[in-house]
Amino acid sequence: MTSSSQISERALPEILLPDDLITREEGFILYEDMVLGRTFEDKCAEMYYRGKMFGFVHLYNGQEAVSTGITKAMRPDDFVCSTYRDHVHALSAGVPARQVMAELFGKATGCSQGRGGSMHLFSAEHNLLGGFAFVAEGIPVATGAAFQSKYRREVMGEAGADQVTACFFGDGASNNGQFFECLNMASLWKLPILYVVENNKWAIGMAHHRASSETQIFQKGKAFGIVGVEVDGMDVLAVRAVAKEAVARARAGEGPTLIEALTYRFRGHSLADPDELRSKEEKEFWFTRDPIKKLAAYMIEQNLATAAELKEIDTKIQGVVDEAVEFAEASPEPDPSELHHYIFAD
């Protein structure tokens, strides 16, 4: 599989992938995870406009190949750190859809017990370090998680402490101070971390090329001696291939990787955004590169699946998401007596 289309001022990177890159089972895992993310986000839009969710809700439609490609190249005990666009990262990390939906409804059964809402998903059980509302806020947290893995293994002698951390953030965050400070530390200490830039071209309403003196974000790692890689963020197989190599390097003690995934969000910045700044032509170009359709076509072409089998997955996932809504609606509100819980460590 190759990618040679143009993204306005920038060409998509070309990565030659072998035809036997994935097994049938691996293909189903990737496809199901991406469909779960897309279906879940579509349901969130429906619930938001029906008044079931409040506040700001930022959806991930279109970017599923990044979350799936990175996370499914890692182990379940590795760490994932997200942003305010965190629903799908949580799902890919293994947080049950019903827990994520309940959190969006502000219910006690949510993964953050109803305290976090859309932008602050957290699950210690699934090593999801959190969603963070402020731009670049999660980068220091993820860097700290990577540091503790290295410290436990090398200083405390815990042989099994070889977890890798994936830190997701957008193109706008790559101009913030935390980004540069953390890359410097990660390089100095050779931390086991993947810095994953989801470059969807727009930081709210600011076009990326107008905001950064170096628009190729993966090149920013050079200043710190960090390996930088760009990848077609609409191709889950390309993302997965890059991620597997970066994860192997990190686990072997060879330090961090800065991965820039060129992707695109199919909806506005948030559900409150009328999305009037992006041109119709730009959006239509990216709609043709839907990562779910791309993987489906590949699996059928390679005789890894039939259209009927993929349709069965679509139907199954719709049921999972519908059940998540039923669970969320039936769940209790947080008890006011617990308002001050979790403010301080016990």
# chains A, B, ... in the order shown; residues from 1 in each chain; ligands from 1

call {"tool": "residues_around", "arguments": {"residues": "segment 338-345 of chain A", "least_positions_apart": "2", "cutoff": "12 Å", "atoms": "only C-alpha atoms", "output": "count of residues only"}}
result
10

call {"tool": "residues_around", "arguments": {"residues": "Ala330 of chain A", "least_positions_apart": "3", "cutoff": "10 Å", "atoms": "only C-alpha atoms", "output": "ChimeraX atom specification"}}
result
/A:102,107,109,324-327,333

call {"tool": "closest_residue", "arguments": {"among": "A:Glu281, A:Glu14, A:Asp77, A:Asp346", "to": "Leu128 of chain A", "atoms": "only C-alpha atoms"}}
result
A:Asp77

call {"tool": "residues_around", "arguments": {"residues": "Gly131 of chain A", "least_positions_apart": "5", "cutoff": "12 Å", "atoms": "only C-alpha atoms", "output": "number ranges by chain"}}
result
A: 58, 80-90, 100, 111-112, 116-123, 136-139, 141-142, 167-169

call {"tool": "residues_around", "arguments": {"residues": "segment 304-315 of chain A", "least_positions_apart": "5", "cutoff": "8 Å", "atoms": "only C-alpha atoms", "output": "PDB file with N, CA and C atoms, in the first residue's frame"}}
result
ATOM      1  N   THR A  23      -2.440 -10.470   9.584  1.00  0.00           N
ATOM      2  CA  THR A  23      -3.232 -11.685   9.469  1.00  0.00           C
ATOM      3  C   THR A  23      -4.713 -11.310   9.434  1.00  0.00           C
ATOM      4  N   ARG A  24      -5.528 -12.275   9.148  1.00  0.00           N
ATOM      5  CA  ARG A  24      -6.976 -12.058   9.142  1.00  0.00           C
ATOM      6  C   ARG A  24      -7.447 -11.586  10.521  1.00  0.00           C
ATOM      7  N   GLY A  27      -6.424  -8.037  11.221  1.00  0.00           N
ATOM      8  CA  GLY A  27      -7.248  -7.126  10.442  1.00  0.00           C
ATOM      9  C   GLY A  27      -8.594  -6.877  11.097  1.00  0.00           C
ATOM     10  N   GLU A  32     -12.452  -3.536  13.761  1.00  0.00           N
ATOM     11  CA  GLU A  32     -13.458  -3.416  14.813  1.00  0.00           C
ATOM     12  C   GLU A  32     -13.177  -2.221  15.714  1.00  0.00           C
ATOM     13  N   VAL A  35     -14.129   0.990  13.807  1.00  0.00           N
ATOM     14  CA  VAL A  35     -15.585   1.105  13.692  1.00  0.00           C
ATOM     15  C   VAL A  35     -16.195   1.479  15.035  1.00  0.00           C
ATOM     16  N   ALA A 296     -11.098  -1.570   4.991  1.00  0.00           N
ATOM     17  CA  ALA A 296     -12.084  -2.542   4.509  1.00  0.00           C
ATOM     18  C   ALA A 296     -11.749  -2.987   3.093  1.00  0.00           C
ATOM     19  N   MET A 299      -8.698  -5.311   3.144  1.00  0.00           N
ATOM     20  CA  MET A 299      -8.974  -6.654   3.658  1.00  0.00           C
ATOM     21  C   MET A 299      -9.728  -7.505   2.640  1.00  0.00           C
TER      22      MET A 299
END

call {"tool": "decode", "arguments": {"residues": "segment 27-68 of chain A", "atoms": "C-alpha atoms", "output": "tab-separated table (two decimals), in the first residue's frame"}}
result
chain	number	residue	atom	x	y	z
A	27	GLY	CA	-7.25	-7.13	10.44
A	28	PHE	CA	-10.49	-7.77	12.30
A	29	ILE	CA	-9.03	-6.28	15.49
A	30	LEU	CA	-8.02	-3.10	13.68
A	31	TYR	CA	-11.27	-2.80	11.77
A	32	GLU	CA	-13.46	-3.42	14.81
A	33	ASP	CA	-11.56	-0.86	16.90
A	34	MET	CA	-11.89	1.83	14.24
A	35	VAL	CA	-15.59	1.11	13.69
A	36	LEU	CA	-16.14	1.29	17.45
A	37	GLY	CA	-14.52	4.70	17.55
A	38	ARG	CA	-16.52	6.05	14.61
A	39	THR	CA	-19.85	4.60	15.75
A	40	PHE	CA	-19.33	5.81	19.30
A	41	GLU	CA	-18.56	9.36	18.17
A	42	ASP	CA	-21.58	9.46	15.85
A	43	LYS	CA	-23.76	8.42	18.78
A	44	CYS	CA	-22.15	11.12	20.93
A	45	ALA	CA	-23.18	13.74	18.37
A	46	GLU	CA	-26.73	12.44	18.45
A	47	MET	CA	-26.85	12.47	22.26
A	48	TYR	CA	-25.30	15.94	22.45
A	49	TYR	CA	-27.86	17.47	20.13
A	50	ARG	CA	-30.62	15.71	22.05
A	51	GLY	CA	-29.44	17.41	25.23
A	52	LYS	CA	-28.03	14.31	26.92
A	53	MET	CA	-24.48	15.71	27.10
A	54	PHE	CA	-23.32	19.15	28.16
A	55	GLY	CA	-20.25	21.32	27.88
A	56	PHE	CA	-17.72	20.99	25.08
A	57	VAL	CA	-17.54	17.68	23.21
A	58	HIS	CA	-14.71	17.17	20.70
A	59	LEU	CA	-15.18	14.26	18.31
A	60	TYR	CA	-12.52	12.14	16.63
A	61	ASN	CA	-14.23	11.16	13.35
A	62	GLY	CA	-11.64	10.67	10.60
A	63	GLN	CA	-8.64	10.20	12.87
A	64	GLU	CA	-9.38	6.60	13.93
A	65	ALA	CA	-6.36	5.12	12.15
A	66	VAL	CA	-4.03	7.01	14.47
A	67	SER	CA	-5.56	5.83	17.73
A	68	THR	CA	-5.98	2.25	16.50
